[in-house]
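Structure first, then comments.
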Amino acid sequence: MKRNEMEATIALFEARLVECLTKYDCSEILGETISYHFGLGAHGPVRTGKRLRPQMLLRTSEMLGAKLDNSLDAAVAIEILHNYSLVHDDIEDGDELRHGRATLWSRFGVAQAINSGDAMCALSFLALARSESRLGAGRTLAMLACLHHAHRKMCDGQARDLDFESRMAVSLDEYLSMIAGKTAALFRAAGEMGAICADASPEMRERAALFGEAFGMAFQVRDDLLGIWGAEGATGKRVAGDIARRKWSYPIVWALACPDSPPRTVVARAYASGRALNPLEAAAVRAALDELGAEAASRRALDERIAVLQLTGDEPLLAFAVESLN
């Protein structure tokens, strides 16, 4: 799909998304909280982001020959479900800012944010159910099952991630299992649902799912890198905020798998404390990671996952994935 064609497709997607979010009967406060989160109406401009999950779905379905209108509702559904997870993640992580803007819970309170996230979850599945008129009950049910399964895996991954915050040690296998659920599951669903929209074979559905999953794993490793070495203006998060919260990310897990050394000891002691780190402690951990070479190791891990994408993906979907990770 050429860039101008994708821009036109995304414009249609955005219009369908706004329609789904605004054309339903709800209370004034619920309408306001959802509008605030998405940047609609008086809370604009619209917060579009990169729309990576709907792009994965739309690009996959287009590559496999689906009509655009057959996949728009599914793309809307997966984006709303993603945003529902962001609302709850911000509450669970205590994040007051997302991309430089107050998060929903910090603006309206935890209770209203939880309720708004739940409403987004409901809207996601209602949006997907609209596909029945175009795709039939069988394919729509298959996509509902796919999205529900991804939702369950996301919750499991988040549970592991929260549990890690009080753990003294986390292995690389445990970390990879966590991100396979928390991040990669929804990208896997995006690939598979795109193939279902195109009425692809079971073999192609599985291949699309595996590509989406591989992209999701790479995306999380990249996010882990930015969470420690990214610029605050680019990420919208506090620099080294992941370290301050003792988040178990790829650089941390890699560092603690290294042989004993003074910088490894700094990281190990900080993460064994069982509590949030103060700014001086977080800075010491980041310096220790730099001394160990954790940033370079994480970039190698990202390159390895991009290589997996290159083995399993087809152009132009592969070009989109690689560009999104750079």
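Going by the structure tokens order, chains are called A, B, ..., each with residues numbered from 1, while ligands are numbered from 1 in the order shown.
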
Please, which residues in region 45-83 of chain A fall within 12 Å of region 310-319 of chain A when counting only C-alpha atoms, and what is the closest atom pair and distance in Å to one decimal for each, ordered by chain then residue number, as a Markdown table?
```
| residue | atom | partner | partner_atom | distance |
| --- | --- | --- | --- | --- |
| A:Leu52 | CA | A:Leu317 | CA | 11.8 |
| A:Gln55 | CA | A:Leu317 | CA | 9.6 |
| A:Met56 | CA | A:Leu317 | CA | 7.9 |
| A:Leu57 | CA | A:Leu317 | CA | 10.2 |
| A:Leu58 | CA | A:Leu317 | CA | 10.1 |
| A:Arg59 | CA | A:Leu317 | CA | 6.5 |
| A:Thr60 | CA | A:Leu317 | CA | 6.9 |
| A:Ser61 | CA | A:Leu317 | CA | 10.4 |
| A:Glu62 | CA | A:Leu317 | CA | 9.8 |
| A:Met63 | CA | A:Leu317 | CA | 7.8 |
| A:Leu64 | CA | A:Asp314 | CA | 10.6 |
```

If you run DSSP on the backbone here, which positions in region 67-254 of chain A get helix (DSSP H, G or I)? Please write them as a PyMOL selection string.
chain A and resi 68-70+72-93+104-108+110-129+132-164+172-182+184-197+202-229+232-235+241-244+250-254

Please produce an output containing C-alpha atoms for each residue in the selection, written as a short mmCIF file (atom, residue, chain, number, x, y, z; two decimals), in the first residue's frame.
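Below is the file that was written, selection17.cif:
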```cif
data_model
loop_
_atom_site.label_atom_id
_atom_site.label_comp_id
_atom_site.auth_asym_id
_atom_site.auth_seq_id
_atom_site.Cartn_x
_atom_site.Cartn_y
_atom_site.Cartn_z
CA LEU A 68 -11.28 -1.87 2.95
CA ASP A 69 -14.81 -1.70 4.34
CA ASN A 70 -14.49 -5.33 5.45
CA LEU A 72 -12.49 -0.96 9.24
CA ASP A 73 -14.70 -2.14 12.11
CA ALA A 74 -12.10 -4.67 13.21
CA ALA A 75 -9.39 -1.98 13.10
CA VAL A 76 -11.56 0.33 15.22
CA ALA A 77 -12.22 -2.48 17.71
CA ILE A 78 -8.57 -3.27 18.23
CA GLU A 79 -7.63 0.39 18.68
CA ILE A 80 -10.34 0.98 21.29
CA LEU A 81 -9.32 -2.15 23.18
CA HIS A 82 -5.72 -0.95 23.14
CA ASN A 83 -6.78 2.40 24.62
CA TYR A 84 -8.83 0.65 27.29
CA SER A 85 -5.63 -1.13 28.34
CA LEU A 86 -3.71 2.17 28.40
CA VAL A 87 -6.25 3.73 30.77
CA HIS A 88 -5.94 0.82 33.19
CA ASP A 89 -2.15 0.62 32.80
CA ASP A 90 -1.80 4.28 33.74
CA ILE A 91 -3.79 3.66 36.92
CA GLU A 92 -1.84 0.54 37.85
CA ASP A 93 1.52 2.19 37.15
CA LEU A 104 -7.42 10.06 32.50
CA TRP A 105 -7.21 9.01 36.15
CA SER A 106 -5.12 12.02 37.16
CA ARG A 107 -7.69 14.33 35.56
CA PHE A 108 -10.97 12.67 36.58
CA VAL A 110 -9.31 6.59 39.57
CA ALA A 111 -12.94 5.44 39.81
CA GLN A 112 -14.10 7.37 36.75
CA ALA A 113 -11.04 6.24 34.79
CA ILE A 114 -11.69 2.57 35.60
CA ASN A 115 -15.30 2.95 34.52
CA SER A 116 -14.30 4.74 31.32
CA GLY A 117 -11.81 2.01 30.48
CA ASP A 118 -14.50 -0.62 31.02
CA ALA A 119 -16.81 1.32 28.70
CA MET A 120 -14.09 1.39 26.03
CA CYS A 121 -13.78 -2.38 26.34
CA ALA A 122 -17.52 -2.73 25.71
CA LEU A 123 -17.39 -0.34 22.75
CA SER A 124 -14.53 -2.35 21.27
CA PHE A 125 -16.56 -5.53 21.07
CA LEU A 126 -19.68 -3.69 19.88
CA ALA A 127 -17.61 -2.19 17.06
CA LEU A 128 -16.35 -5.60 16.03
CA ALA A 129 -19.84 -7.08 16.11
CA GLU A 132 -21.34 -9.43 10.83
CA SER A 133 -23.29 -7.53 8.16
CA ARG A 134 -20.28 -7.72 5.81
CA LEU A 135 -18.35 -10.82 6.86
CA GLY A 136 -21.05 -13.09 8.21
CA ALA A 137 -21.49 -14.61 11.64
CA GLY A 138 -18.73 -17.22 11.32
CA ARG A 139 -15.84 -14.87 10.54
CA THR A 140 -17.10 -12.25 12.98
CA LEU A 141 -17.26 -14.84 15.75
CA ALA A 142 -13.74 -15.97 14.87
CA MET A 143 -12.49 -12.39 15.25
CA LEU A 144 -14.36 -11.95 18.53
CA ALA A 145 -12.70 -15.10 19.86
CA CYS A 146 -9.31 -13.91 18.62
CA LEU A 147 -9.70 -10.52 20.31
CA HIS A 148 -11.05 -12.03 23.54
CA HIS A 149 -8.08 -14.42 23.67
CA ALA A 150 -5.66 -11.54 23.16
CA HIS A 151 -7.47 -9.57 25.87
CA ARG A 152 -7.05 -12.43 28.33
CA LYS A 153 -3.36 -12.75 27.49
CA MET A 154 -2.90 -9.00 27.92
CA CYS A 155 -4.38 -9.20 31.41
CA ASP A 156 -2.13 -12.14 32.24
CA GLY A 157 0.92 -10.25 31.00
CA GLN A 158 -0.04 -7.20 33.02
CA ALA A 159 -0.53 -9.35 36.12
CA ARG A 160 2.98 -10.74 35.66
CA ASP A 161 4.39 -7.25 35.13
CA LEU A 162 2.77 -5.95 38.33
CA ASP A 163 3.97 -9.00 40.23
CA PHE A 164 7.51 -8.40 39.00
CA LEU A 172 14.80 -13.66 30.87
CA ASP A 173 12.28 -16.42 30.14
CA GLU A 174 9.83 -14.90 32.63
CA TYR A 175 10.31 -11.47 31.08
CA LEU A 176 9.71 -12.77 27.54
CA SER A 177 6.59 -14.61 28.68
CA MET A 178 5.29 -11.40 30.24
CA ILE A 179 5.74 -9.24 27.14
CA ALA A 180 4.31 -11.98 24.92
CA GLY A 181 1.06 -11.34 26.76
CA LYS A 182 1.16 -7.69 27.71
CA ALA A 184 2.64 -8.95 21.66
CA ALA A 185 -0.79 -10.59 22.10
CA LEU A 186 -2.72 -7.66 20.66
CA PHE A 187 -0.32 -7.30 17.72
CA ARG A 188 -0.75 -11.03 17.09
CA ALA A 189 -4.52 -10.53 17.10
CA ALA A 190 -4.16 -7.61 14.68
CA GLY A 191 -2.33 -9.80 12.18
CA GLU A 192 -4.73 -12.71 12.51
CA MET A 193 -7.86 -10.57 12.37
CA GLY A 194 -6.55 -8.87 9.24
CA ALA A 195 -6.22 -12.28 7.63
CA ILE A 196 -9.75 -13.23 8.75
CA CYS A 197 -11.09 -10.05 7.15
CA PRO A 202 -5.83 -21.18 8.18
CA GLU A 203 -2.15 -21.38 7.23
CA MET A 204 -2.07 -17.71 6.20
CA ARG A 205 -3.96 -16.72 9.33
CA GLU A 206 -1.29 -18.38 11.46
CA ARG A 207 1.52 -16.78 9.48
CA ALA A 208 -0.06 -13.33 9.88
CA ALA A 209 -0.53 -13.99 13.59
CA LEU A 210 3.13 -14.99 14.03
CA PHE A 211 4.30 -11.89 12.18
CA GLY A 212 2.18 -9.67 14.42
CA GLU A 213 3.49 -11.43 17.51
CA ALA A 214 7.12 -11.04 16.40
CA PHE A 215 6.53 -7.36 15.78
CA GLY A 216 4.99 -6.99 19.24
CA MET A 217 8.00 -8.57 20.92
CA ALA A 218 10.35 -6.25 19.01
CA PHE A 219 8.15 -3.26 19.81
CA GLN A 220 8.36 -3.93 23.56
CA VAL A 221 12.14 -4.29 23.54
CA ARG A 222 12.31 -0.95 21.74
CA ASP A 223 9.91 0.58 24.29
CA ASP A 224 12.12 -0.73 27.10
CA LEU A 225 15.09 1.01 25.51
CA LEU A 226 13.22 4.31 25.28
CA GLY A 227 11.99 3.92 28.86
CA ILE A 228 15.60 4.27 30.05
CA TRP A 229 17.52 6.08 27.31
CA GLU A 232 11.30 12.77 27.64
CA GLY A 233 10.04 15.00 24.83
CA ALA A 234 9.87 12.01 22.50
CA THR A 235 8.34 9.50 24.89
CA GLY A 241 10.90 6.51 35.12
CA ASP A 242 10.89 2.76 34.50
CA ILE A 243 13.96 2.43 36.70
CA ALA A 244 12.46 4.56 39.48
CA TYR A 250 14.91 -6.03 28.89
CA PRO A 251 18.01 -3.96 29.85
CA ILE A 252 17.54 -4.78 33.53
CA VAL A 253 16.98 -8.49 32.99
CA TRP A 254 19.97 -8.64 30.65
#
```

From a backbone DSSP assignment, name each residue in region 51-197 of chain A labelled strand (DSSP E or B), as a list of chain:residue names.
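Of region 51-197 of chain A, only A:Leu97, A:Arg98, A:Arg101, A:Ala102 fall in strand (DSSP E or B).
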
Would you write out those residues with C-alpha atoms, as a PDB file, in the first residue's frame?
```pdb
ATOM      1  CA  LEU A  97       1.331  11.875  32.189  1.00  0.00           C
ATOM      2  CA  ARG A  98       1.011  10.168  28.832  1.00  0.00           C
ATOM      3  CA  ARG A 101      -0.709  15.215  28.854  1.00  0.00           C
ATOM      4  CA  ALA A 102      -2.493  14.391  32.107  1.00  0.00           C
TER       5      ALA A 102
END
```

Suppose you want the space between CA of Gly49 (chain A) and CA of Val18 (chain A); what is it in Å?
14.4 Å

Between CA of Glu165 (chain A) and CA of Ile306 (chain A), distance in Å (one decimal):
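Interatomic distance here is 28.3 Å.
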
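Nearest to Gly44 (chain A) of all the residues A:Arg245, A:Phe320, A:Leu289, A:Glu32 is A:Glu32, counting only C-alpha atoms.
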
Write out as a list in words the residues lying within 9 Å of region 266-278 of chain A, counting only C-alpha atoms and excluding same-chain residues fewer than 2 positions away.
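Contacts, with the query itself left out: Glu165, Ser166, Arg167, Met168, Ala169, Ile243, Ala244, Arg245, Arg246, Lys247, Trp248, Ile252, Ala255, Leu256, Ser261, Pro262, Pro263, Arg264, Leu280, Glu281, Ala282, Ala283, Ala284, Val285, Arg286, Ala288 and Leu289 of chain A.
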
Rounded to one decimal place, report the CA of Thr22 (chain A)-CA of Ser35 (chain A) distance in Å.
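Result for CA of Thr22 (chain A) versus CA of Ser35 (chain A): 8.1 Å, one decimal.
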